[in-house]
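The file target00.csv comes next; it holds CSV, C-alpha atoms.
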chain,number,residue,atom,x,y,z
A,16,MET,CA,-34.4,55.3,-53.5
A,17,GLN,CA,-31.0,53.9,-54.1
A,18,ASP,CA,-29.7,55.0,-50.7
A,19,SER,CA,-32.8,53.5,-49.1
A,20,ARG,CA,-32.2,50.1,-50.8
A,21,ILE,CA,-28.6,50.2,-49.6
A,22,ILE,CA,-29.7,50.8,-46.0
A,23,GLU,CA,-32.3,48.0,-46.3
A,24,ASN,CA,-29.7,45.6,-47.6
A,25,ARG,CA,-27.4,46.5,-44.7
A,26,HIS,CA,-30.2,45.8,-42.2
A,27,PHE,CA,-30.8,42.4,-43.9
A,28,ASN,CA,-27.1,41.5,-43.6
A,29,ARG,CA,-27.0,42.3,-39.9
A,30,ARG,CA,-30.1,40.1,-39.3
A,31,GLU,CA,-28.5,37.4,-41.5
A,32,LYS,CA,-25.3,37.5,-39.5
A,33,SER,CA,-27.2,37.3,-36.2
A,34,TYR,CA,-29.1,34.3,-37.5
A,35,TYR,CA,-25.9,32.5,-38.6
A,36,PHE,CA,-24.2,33.3,-35.3
A,37,LYS,CA,-27.0,31.7,-33.4
A,38,MET,CA,-26.9,28.7,-35.7
A,39,ILE,CA,-23.1,28.3,-35.1
A,40,LYS,CA,-23.5,28.6,-31.3
A,41,ASN,CA,-26.3,26.0,-31.3
A,42,PHE,CA,-24.2,23.7,-33.4
A,43,ALA,CA,-21.2,24.1,-31.2
A,44,PHE,CA,-23.3,23.3,-28.1
A,45,ILE,CA,-24.8,20.2,-29.7
A,46,PHE,CA,-21.4,19.1,-30.8
A,47,SER,CA,-19.9,19.6,-27.3
A,48,VAL,CA,-22.7,17.6,-25.7
A,49,CYS,CA,-22.3,14.8,-28.2
A,50,PHE,CA,-18.5,14.8,-27.7
A,51,VAL,CA,-18.9,14.4,-23.9
A,52,ILE,CA,-21.5,11.7,-24.3
A,53,SER,CA,-19.2,10.0,-26.8
A,54,CYS,CA,-16.3,10.1,-24.4
A,55,LYS,CA,-18.3,8.7,-21.5
A,56,GLU,CA,-19.4,5.8,-23.8
A,57,GLU,CA,-15.7,5.1,-24.6
A,58,LEU,CA,-14.6,5.0,-21.0
A,59,LYS,CA,-13.6,1.4,-20.3
A,60,THR,CA,-13.0,-0.4,-16.9
A,61,LYS,CA,-10.2,-2.8,-17.0
A,62,ARG,CA,-8.9,-5.3,-14.4
A,63,ILE,CA,-5.5,-7.0,-14.3
A,64,THR,CA,-4.7,-9.8,-11.8
A,65,GLY,CA,-1.7,-12.0,-11.0
A,66,THR,CA,0.7,-13.1,-8.4
A,67,VAL,CA,3.6,-11.2,-6.9
A,68,PHE,CA,5.6,-11.1,-3.7
A,69,GLY,CA,4.2,-14.5,-2.8
A,70,THR,CA,0.6,-13.3,-2.9
A,71,ALA,CA,-2.1,-12.1,-5.3
A,72,TYR,CA,-2.5,-8.7,-6.8
A,73,SER,CA,-5.3,-6.9,-8.5
A,74,VAL,CA,-5.5,-3.6,-10.4
A,75,GLN,CA,-8.7,-2.0,-11.6
A,76,TYR,CA,-8.7,1.2,-13.6
A,77,ALA,CA,-10.7,3.2,-16.0
A,78,THR,CA,-9.3,4.4,-19.4
A,79,TYR,CA,-10.4,5.8,-22.7
A,80,ASN,CA,-7.8,3.8,-24.5
A,81,ASP,CA,-9.0,0.5,-25.8
A,82,ASP,CA,-5.4,-0.6,-26.3
A,83,ALA,CA,-4.3,0.2,-22.8
A,84,ASP,CA,-2.9,-3.1,-21.5
A,85,LEU,CA,-0.5,-2.3,-18.7
A,86,GLU,CA,0.2,-5.8,-17.5
A,87,VAL,CA,3.6,-5.9,-19.2
A,88,GLN,CA,4.7,-2.7,-17.5
A,89,PHE,CA,3.4,-3.9,-14.1
A,90,ASP,CA,5.5,-7.1,-14.5
A,91,LYS,CA,8.5,-5.0,-15.2
A,92,LEU,CA,8.1,-2.9,-12.1
A,93,PHE,CA,7.4,-6.0,-10.0
A,94,TYR,CA,10.6,-7.5,-11.4
A,95,GLU,CA,12.6,-4.4,-10.4
A,96,ILE,CA,11.2,-4.4,-6.8
A,97,ASN,CA,11.9,-8.1,-6.4
A,98,ALA,CA,15.4,-7.7,-7.8
A,99,SER,CA,16.0,-5.0,-5.2
A,100,MET,CA,14.3,-6.2,-2.0
A,101,SER,CA,13.2,-9.9,-2.2
A,102,THR,CA,14.9,-12.0,0.5
A,103,TYR,CA,13.8,-15.0,-1.4
A,104,GLN,CA,16.0,-14.2,-4.4
A,105,VAL,CA,19.6,-15.0,-3.8
A,106,ASN,CA,20.9,-12.4,-6.3
A,107,SER,CA,18.7,-9.5,-5.1
A,108,ILE,CA,20.3,-6.4,-3.7
A,109,ILE,CA,19.1,-7.1,-0.2
A,110,SER,CA,20.2,-10.7,-0.3
A,111,LYS,CA,23.7,-9.6,-1.3
A,112,ILE,CA,23.8,-7.1,1.5
A,113,ASN,CA,22.6,-9.7,4.0
A,114,ASN,CA,25.4,-12.1,2.8
A,115,ASN,CA,28.0,-9.3,3.0
A,116,GLU,CA,28.5,-9.3,-0.7
A,117,GLU,CA,29.2,-6.2,-2.8
A,118,ALA,CA,26.0,-4.5,-3.8
A,119,ILE,CA,25.0,-1.1,-5.2
A,120,ILE,CA,21.5,-0.1,-4.1
A,121,ASP,CA,18.9,1.3,-6.5
A,122,ALA,CA,16.2,3.9,-6.2
A,123,HIS,CA,13.6,1.4,-4.9
A,124,PHE,CA,15.9,0.2,-2.1
A,125,GLU,CA,16.9,3.8,-1.1
A,126,THR,CA,13.3,4.9,-0.9
A,127,VAL,CA,12.2,2.0,1.3
A,128,PHE,CA,15.4,2.3,3.4
A,129,ASP,CA,14.8,6.0,4.1
A,130,ALA,CA,11.1,5.5,4.9
A,131,SER,CA,12.0,2.6,7.2
A,132,LYS,CA,14.5,4.8,9.1
A,133,THR,CA,11.9,7.5,9.6
A,134,ILE,CA,9.2,5.1,10.7
A,135,CYS,CA,11.6,3.2,13.0
A,136,LYS,CA,12.5,6.5,14.7
A,137,ASN,CA,8.8,7.6,15.0
A,138,THR,CA,7.8,4.3,16.6
A,139,GLN,CA,10.9,4.1,18.8
A,140,GLY,CA,12.0,0.9,17.2
A,141,ALA,CA,8.7,-0.9,17.0
A,142,PHE,CA,9.2,-1.0,13.3
A,143,ASP,CA,12.7,-2.3,12.5
A,144,PRO,CA,13.6,-4.1,9.3
A,145,THR,CA,17.0,-5.3,10.9
A,146,ILE,CA,14.9,-8.0,12.6
A,147,GLY,CA,15.6,-10.3,9.6
A,148,VAL,CA,17.8,-12.8,11.5
A,149,LEU,CA,15.0,-13.4,14.0
A,150,VAL,CA,12.4,-13.7,11.2
A,151,ASN,CA,14.4,-16.6,9.9
A,152,ALA,CA,15.0,-18.0,13.4
A,153,TRP,CA,11.3,-18.2,14.0
A,154,ASP,CA,10.7,-19.9,10.6
A,155,PHE,CA,9.0,-16.9,8.9
A,156,GLY,CA,11.9,-16.1,6.5
A,157,PRO,CA,13.6,-17.8,3.5
A,158,GLU,CA,16.4,-19.5,5.4
A,159,GLY,CA,14.6,-21.8,7.8
A,160,LYS,CA,14.2,-21.9,11.5
A,161,ILE,CA,16.8,-22.4,14.3
A,162,ALA,CA,16.3,-25.8,16.0
A,163,ASN,CA,15.7,-25.7,19.7
A,164,LEU,CA,15.5,-21.9,19.8
A,165,ASP,CA,15.9,-20.7,23.4
A,166,SER,CA,16.5,-17.5,25.3
A,167,LEU,CA,20.2,-17.8,25.0
A,168,LYS,CA,20.1,-18.1,21.2
A,169,ILE,CA,17.6,-15.2,21.0
A,170,ASP,CA,19.8,-13.0,23.1
A,171,SER,CA,22.8,-13.8,20.9
A,172,LEU,CA,20.8,-13.0,17.7
A,173,MET,CA,19.5,-9.7,19.2
A,174,GLY,CA,23.1,-8.4,19.1
A,175,SER,CA,22.7,-7.9,15.3
A,176,VAL,CA,19.3,-6.1,15.6
A,177,GLY,CA,18.9,-2.3,15.5
A,178,PHE,CA,18.6,0.2,12.6
A,179,ASP,CA,21.4,2.2,14.2
A,180,LYS,CA,23.7,-0.6,13.0
A,181,VAL,CA,23.1,0.2,9.3
A,182,SER,CA,23.5,3.3,7.2
A,183,LEU,CA,23.7,4.4,3.6
A,184,PHE,CA,26.9,5.9,2.1
A,185,GLU,CA,27.2,6.6,-1.7
A,186,ASN,CA,24.7,4.0,-2.7
A,187,VAL,CA,26.2,1.3,-0.4
A,188,VAL,CA,24.8,-0.1,2.8
A,189,LEU,CA,27.2,-0.1,5.7
A,190,LYS,CA,26.7,-2.6,8.5
A,191,LEU,CA,28.4,-2.3,11.9
A,192,ASN,CA,27.5,-5.9,12.6
A,193,LYS,CA,28.0,-8.4,9.7
A,194,GLU,CA,25.3,-10.6,11.1
A,195,THR,CA,22.7,-7.9,10.7
A,196,ARG,CA,20.1,-9.0,8.1
A,197,LEU,CA,17.6,-6.6,6.5
A,198,ASP,CA,14.0,-7.7,5.9
A,199,PHE,CA,11.6,-5.2,4.1
A,200,ASN,CA,8.7,-7.7,3.9
A,201,ALA,CA,6.7,-5.6,6.3
A,202,ILE,CA,6.8,-2.6,4.0
A,203,ALA,CA,7.5,-3.9,0.5
A,204,LYS,CA,3.9,-4.8,-0.4
A,205,GLY,CA,2.7,-1.3,0.4
A,206,TYR,CA,5.6,0.2,-1.5
A,207,GLY,CA,4.7,-2.0,-4.5
A,208,VAL,CA,1.2,-0.6,-4.4
A,209,ASP,CA,2.6,2.9,-4.4
A,210,VAL,CA,4.9,2.2,-7.4
A,211,ILE,CA,2.0,0.8,-9.5
A,212,SER,CA,-0.2,3.8,-8.5
A,213,ALA,CA,2.5,6.2,-9.5
A,214,TYR,CA,2.8,4.6,-12.9
A,215,LEU,CA,-0.9,4.8,-13.5
A,216,ASN,CA,-0.7,8.5,-12.7
A,217,THR,CA,1.9,9.0,-15.4
A,218,GLN,CA,-0.6,7.4,-17.8
A,219,ASN,CA,-3.2,10.1,-16.9
A,220,ILE,CA,-5.3,7.4,-15.3
A,221,THR,CA,-7.1,9.0,-12.3
A,222,ASP,CA,-9.7,6.3,-11.3
A,223,TYR,CA,-8.1,3.2,-10.0
A,224,LEU,CA,-7.7,0.6,-7.2
A,225,VAL,CA,-4.4,-1.2,-6.7
A,226,GLU,CA,-4.3,-4.1,-4.3
A,227,ILE,CA,-1.4,-6.4,-3.3
A,228,GLY,CA,-2.0,-9.0,-0.7
A,229,GLY,CA,-4.7,-6.9,1.1
A,230,GLU,CA,-2.7,-3.6,0.9
A,231,ILE,CA,-4.7,-1.1,-1.1
A,232,ARG,CA,-4.5,2.3,-2.7
A,233,VAL,CA,-7.3,4.1,-4.5
A,234,SER,CA,-7.7,7.2,-6.6
A,235,GLY,CA,-10.8,8.9,-7.9
A,236,ILE,CA,-14.0,6.8,-8.0
A,237,ASN,CA,-15.1,3.4,-9.0
A,238,THR,CA,-16.4,4.2,-12.5
A,239,THR,CA,-18.5,1.0,-12.6
A,240,SER,CA,-20.7,2.4,-9.8
A,241,GLY,CA,-19.9,6.1,-10.1
A,242,ASN,CA,-19.3,6.1,-6.3
A,243,ALA,CA,-16.3,6.2,-4.0
A,244,TRP,CA,-14.4,2.9,-3.7
A,245,ARG,CA,-15.8,0.5,-1.1
A,246,ILE,CA,-13.2,-1.4,0.9
A,247,GLY,CA,-13.9,-4.3,3.2
A,248,VAL,CA,-12.3,-4.8,6.6
A,249,GLU,CA,-12.0,-8.5,7.3
A,250,ASN,CA,-13.0,-10.5,10.4
A,251,PRO,CA,-10.0,-12.0,12.1
A,252,ASN,CA,-10.8,-15.6,11.2
A,253,PHE,CA,-8.1,-18.1,12.2
A,254,ASP,CA,-9.6,-21.0,10.2
A,255,GLY,CA,-8.6,-19.3,6.9
A,256,SER,CA,-12.1,-18.4,5.9
A,257,GLN,CA,-12.8,-14.8,4.7
A,258,SER,CA,-15.7,-12.6,5.8
A,259,ILE,CA,-16.2,-8.9,6.0
A,260,MET,CA,-16.7,-7.2,9.4
A,261,LYS,CA,-17.4,-3.7,7.9
A,262,ALA,CA,-17.1,-1.9,4.5
A,263,ILE,CA,-15.9,1.7,4.3
A,264,SER,CA,-15.6,4.3,1.5
A,265,LEU,CA,-12.2,5.3,0.5
A,266,SER,CA,-11.0,8.0,-1.9
A,267,ASP,CA,-7.4,9.1,-2.8
A,268,GLU,CA,-6.0,7.2,0.2
A,269,SER,CA,-4.3,3.9,1.1
A,270,MET,CA,-5.2,1.2,3.6
A,271,ALA,CA,-3.0,-1.7,4.9
A,272,THR,CA,-3.9,-4.4,7.4
A,273,SER,CA,-1.7,-6.4,9.7
A,274,GLY,CA,-3.1,-9.3,11.7
A,275,THR,CA,-2.0,-12.3,13.6
A,276,TYR,CA,-4.8,-14.4,12.1
A,277,ARG,CA,-3.3,-14.2,8.6
A,278,LYS,CA,0.2,-15.7,9.2
A,279,TYR,CA,1.1,-17.7,12.3
A,280,LYS,CA,2.7,-21.0,13.4
A,281,ILE,CA,1.8,-23.5,16.1
A,282,ASP,CA,4.6,-25.1,18.0
A,283,LYS,CA,4.8,-28.7,19.3
A,284,TYR,CA,3.0,-27.7,22.5
A,285,GLY,CA,0.1,-26.2,20.6
A,286,ASN,CA,1.0,-22.6,21.2
A,287,ARG,CA,0.2,-20.2,18.4
A,288,TYR,CA,2.7,-17.4,17.7
A,289,ALA,CA,2.5,-14.6,15.2
A,290,HIS,CA,4.8,-13.7,12.3
A,291,ILE,CA,5.4,-10.2,13.7
A,292,ILE,CA,8.6,-10.2,15.7
A,293,ASP,CA,9.0,-7.8,18.6
A,294,ALA,CA,12.3,-5.9,17.7
A,295,LYS,CA,12.8,-5.2,21.4
A,296,THR,CA,12.6,-8.8,22.7
A,297,GLY,CA,13.3,-11.0,19.7
A,298,TYR,CA,10.1,-13.0,20.4
A,299,PRO,CA,6.8,-13.0,18.4
A,300,SER,CA,4.7,-10.1,19.6
A,301,LYS,CA,2.1,-10.9,22.3
A,302,THR,CA,-0.8,-8.5,22.6
A,303,SER,CA,-4.6,-8.9,22.5
A,304,LEU,CA,-4.6,-7.2,19.1
A,305,LEU,CA,-5.8,-9.5,16.3
A,306,SER,CA,-6.1,-7.0,13.4
A,307,ILE,CA,-4.8,-3.5,12.7
A,308,SER,CA,-6.0,-1.5,9.7
A,309,VAL,CA,-4.2,1.8,9.0
A,310,ILE,CA,-5.3,4.5,6.5
A,311,ALA,CA,-2.6,6.9,5.2
A,312,LYS,CA,-1.9,8.9,2.1
A,313,ASP,CA,0.7,6.3,0.8
A,314,CYS,CA,0.5,2.6,1.2
A,315,MET,CA,4.1,2.1,2.2
A,316,SER,CA,3.5,4.1,5.4
A,317,ALA,CA,0.2,2.4,6.1
A,318,ASP,CA,1.9,-1.0,5.7
A,319,ALA,CA,4.8,-0.3,8.0
A,320,TYR,CA,2.7,1.4,10.7
A,321,ALA,CA,0.2,-1.5,10.7
A,322,THR,CA,3.1,-3.8,11.5
A,323,ALA,CA,4.5,-1.5,14.2
A,324,PHE,CA,1.2,-1.1,15.9
A,325,LYS,CA,0.8,-4.8,16.4
A,326,ALA,CA,4.0,-4.9,18.4
A,327,MET,CA,3.2,-1.7,20.3
A,328,GLY,CA,-0.2,-2.8,21.7
A,329,ILE,CA,-3.4,-0.8,22.2
A,330,GLU,CA,-2.4,1.7,24.8
A,331,LYS,CA,0.8,2.8,23.1
A,332,VAL,CA,-1.0,3.1,19.8
A,333,LYS,CA,-3.5,5.4,21.4
A,334,VAL,CA,-0.8,7.7,22.7
A,335,PHE,CA,1.1,7.6,19.4
A,336,LEU,CA,-1.9,8.5,17.3
A,337,LYS,CA,-2.5,11.7,19.3
A,338,LYS,CA,0.7,13.0,17.7
A,339,HIS,CA,-0.1,11.6,14.3
A,340,PRO,CA,-3.6,12.7,13.2
A,341,GLU,CA,-2.7,11.9,9.6
A,342,LEU,CA,-3.1,8.2,10.4
A,343,LYS,CA,-6.6,6.7,10.8
A,344,VAL,CA,-6.7,3.3,12.6
A,345,PHE,CA,-9.2,0.5,13.2
A,346,LEU,CA,-8.3,-2.1,15.8
A,347,ILE,CA,-9.9,-5.5,16.4
A,348,PHE,CA,-8.9,-7.2,19.7
A,349,GLU,CA,-9.9,-9.7,22.3
A,350,ASN,CA,-11.1,-8.4,25.7
A,351,GLU,CA,-10.5,-10.1,29.0
A,352,ASN,CA,-13.5,-12.4,28.3
A,353,LYS,CA,-12.0,-13.5,25.0
A,354,GLU,CA,-14.7,-11.6,23.1
A,355,LEU,CA,-14.0,-9.5,20.0
A,356,GLU,CA,-14.0,-5.7,20.4
A,357,THR,CA,-13.2,-2.9,18.0
A,358,LEU,CA,-11.8,0.6,18.3
A,359,SER,CA,-11.8,3.4,15.7
A,360,LEU,CA,-9.1,6.0,16.1
A,361,ASN,CA,-8.4,9.4,14.5
A,362,GLY,CA,-11.6,9.4,12.5
A,363,PHE,CA,-11.4,5.9,10.8
A,364,PRO,CA,-14.5,5.9,8.6
A,365,GLU,CA,-17.7,4.3,9.6
A,366,GLU,CA,-19.7,2.0,7.3
Please rewrite the model in this file as structure tokens.
Amino acid sequence: MQDSRIIENRHFNRREKSYYFKMIKNFAFIFSVCFVISCKEELKTKRITGTVFGTAYSVQYATYNDDADLEVQFDKLFYEINASMSTYQVNSIISKINNNEEAIIDAHFETVFDASKTICKNTQGAFDPTIGVLVNAWDFGPEGKIANLDSLKIDSLMGSVGFDKVSLFENVVLKLNKETRLDFNAIAKGYGVDVISAYLNTQNITDYLVEIGGEIRVSGINTTSGNAWRIGVENPNFDGSQSIMKAISLSDESMATSGTYRKYKIDKYGNRYAHIIDAKTGYPSKTSLLSISVIAKDCMSADAYATAFKAMGIEKVKVFLKKHPELKVFLIFENENKELETLSLNGFPEE
């Protein structure tokens, strides 16, 4: 009888253990579900806006940290980029180089310089930041225009243009021609977008949209909608108004747009000329292209290629993109009848 009771008690203990194990598993499941729900409820969408590089910027991101206010860090990064590459700051690194003063470049400058060299080579000089002296001459830079600019003056200024005239050696820019002036404005906004995006990545923020003056980089999803980021492609309106031609979905990519409708001048004869200078002629580029949107992995490249494509024209862009499938492009242009037409290349997304 005693042995029998011991056996019965052992059976009871096994059943009891099984019961408790099930209870623990159920509790763990309920706890994990509650934890996930709690985390989702704590996810906050934040938006920071301001001005930088002479334009507006906006950063939207999702975070679980209620105290995450990154504006101070953004301002610090913007300050560094301006101190490196702003032609409007007399003490910036690029201004000192342009004025033939002693200057040691920083990591920002080196990154943009190296990328510019590569893109200049890829586009056979269509993208060339040594065009700075002509940007000024045509009154699109910080130093003011040249009065009575004519072909002789332009030919003279073109003697300082060419990326083969500048190089880096031990953190110093060497110039073969002292009149050569660098201007990274056609790539700096995109680079600024990449810098802010990289910082967000270091903070384990994976869902965000960074935009500076129309140049954009996105990661993850828009947590307010739960869908991919929706980005608008503007109509080329010369009257300054804004309207959307099409909206596309973008995820973990960048998009930059260059257009003659955004920044141009009208001379005394009523002729309109664009801010994009043709590095081969020294004159504002003249093509039927009104707007070029480029999608790439990084915004710096998208920004630079969008500028280059404006100078290249439609047919050269088509040929170029056959060798560069990593770039998706959307063109808006005028046909022979002055009507707007569009062209999507390399799988630029539809609406």
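CA of Ser266 in chain A is found 17.9 Å from CA of Thr78 in chain A.
Taking CA of Val344 in chain A and CA of Gly207 in chain A as endpoints, the distance between them is 21.2 Å.
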Inset, instruction - Can you work out which one of A:Gly241, A:Pro299, A:Gly235, A:Gly205 has the shortest atom-to-atom distance to Val127 in chain A, counting all atoms listed in the file? - result: A:Gly205
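Closest approach to Phe68 in chain A among A:Lys325, A:Lys204, A:Lys295, A:Lys91 is made by A:Lys204 (distances from all atoms listed in the file).
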Legend entry - Non-local contacts of Ser300 in chain A (6 Å; only C-alpha atoms; under 2 positions in same chain excluded) as a PyMOL selection string: chain A and resi 291-293+326
What are the centre and edge lengths in Å, to one decimal, of the axis-aligned box around all listed atoms of range 121-130 of chain A with 3 Å added on each side, as AutoDock Vina command-line options?
--center_x 15.0 --center_y 3.1 --center_z -0.8 --size_x 13.8 --size_y 11.8 --size_z 17.4
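Counting from CA of Leu149 in chain A, the distance to CA of Ile310 in chain A is 28.1 Å.
Closest approach to Ser234 in chain A from the set A:Glu366, A:Asp165, A:Glu249, A:Asp209 is made by A:Asp209, with distances taken over only C-alpha atoms.
The nearest approach to Lys136 in chain A among the residues A:Ala323, A:Glu226, A:Val208, A:Leu183, with only C-alpha atoms taken into account, belongs to A:Ala323.
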Legend entry - Which of A:Ser273, A:Glu125, A:Glu268, A:Ser306 sits closest to Glu185 in chain A [using all atoms listed in the file]: A:Glu125
Legend entry - Neighbour list for range 192-199 of chain A as JSON, numbers by chain, cut-off 8 Å, all atoms listed in the file, skip fewer than 6 positions in-chain: {"A": [100, 102, 109, 112, 113, 115, 127, 144, 145, 146, 147, 148, 175, 176, 180]}
Legend entry - For Glu117 in chain A: contacts at 9 Å, all atoms listed in the file, fewer than 5 positions along chain excluded, given as a PyMOL selection string: chain A and resi 108+111-112+187
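Residue nearest Glu365 in chain A within the list A:Leu58, A:Ala203, A:Val248, A:Leu164: A:Val248 [criterion: smallest interatomic distance, only C-alpha atoms].
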Name the residues in contact with Leu346 in chain A at a cut-off of 12 Å, using only C-alpha atoms, excluding same-chain residues fewer than 4 positions from it; report them as a PDB file with C-alpha atoms, in the frame of the given file.
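Printed below is part26.pdb as written:
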ATOM      1  CA  VAL A 248     -12.300  -4.800   6.600  1.00  0.00           C
ATOM      2  CA  GLU A 249     -12.000  -8.500   7.300  1.00  0.00           C
ATOM      3  CA  ASN A 250     -13.000 -10.500  10.400  1.00  0.00           C
ATOM      4  CA  PRO A 251     -10.000 -12.000  12.100  1.00  0.00           C
ATOM      5  CA  MET A 260     -16.700  -7.200   9.400  1.00  0.00           C
ATOM      6  CA  THR A 272      -3.900  -4.400   7.400  1.00  0.00           C
ATOM      7  CA  SER A 273      -1.700  -6.400   9.700  1.00  0.00           C
ATOM      8  CA  GLY A 274      -3.100  -9.300  11.700  1.00  0.00           C
ATOM      9  CA  THR A 302      -0.800  -8.500  22.600  1.00  0.00           C
ATOM     10  CA  SER A 303      -4.600  -8.900  22.500  1.00  0.00           C
ATOM     11  CA  LEU A 304      -4.600  -7.200  19.100  1.00  0.00           C
ATOM     12  CA  LEU A 305      -5.800  -9.500  16.300  1.00  0.00           C
ATOM     13  CA  SER A 306      -6.100  -7.000  13.400  1.00  0.00           C
ATOM     14  CA  ILE A 307      -4.800  -3.500  12.700  1.00  0.00           C
ATOM     15  CA  SER A 308      -6.000  -1.500   9.700  1.00  0.00           C
ATOM     16  CA  VAL A 309      -4.200   1.800   9.000  1.00  0.00           C
ATOM     17  CA  ILE A 310      -5.300   4.500   6.500  1.00  0.00           C
ATOM     18  CA  ALA A 321       0.200  -1.500  10.700  1.00  0.00           C
ATOM     19  CA  PHE A 324       1.200  -1.100  15.900  1.00  0.00           C
ATOM     20  CA  LYS A 325       0.800  -4.800  16.400  1.00  0.00           C
ATOM     21  CA  GLY A 328      -0.200  -2.800  21.700  1.00  0.00           C
ATOM     22  CA  ILE A 329      -3.400  -0.800  22.200  1.00  0.00           C
ATOM     23  CA  GLU A 330      -2.400   1.700  24.800  1.00  0.00           C
ATOM     24  CA  VAL A 332      -1.000   3.100  19.800  1.00  0.00           C
ATOM     25  CA  LYS A 333      -3.500   5.400  21.400  1.00  0.00           C
ATOM     26  CA  LEU A 355     -14.000  -9.500  20.000  1.00  0.00           C
ATOM     27  CA  GLU A 356     -14.000  -5.700  20.400  1.00  0.00           C
ATOM     28  CA  THR A 357     -13.200  -2.900  18.000  1.00  0.00           C
ATOM     29  CA  LEU A 358     -11.800   0.600  18.300  1.00  0.00           C
ATOM     30  CA  SER A 359     -11.800   3.400  15.700  1.00  0.00           C
ATOM     31  CA  LEU A 360      -9.100   6.000  16.100  1.00  0.00           C
ATOM     32  CA  ASN A 361      -8.400   9.400  14.500  1.00  0.00           C
ATOM     33  CA  PHE A 363     -11.400   5.900  10.800  1.00  0.00           C
TER      34      PHE A 363
END
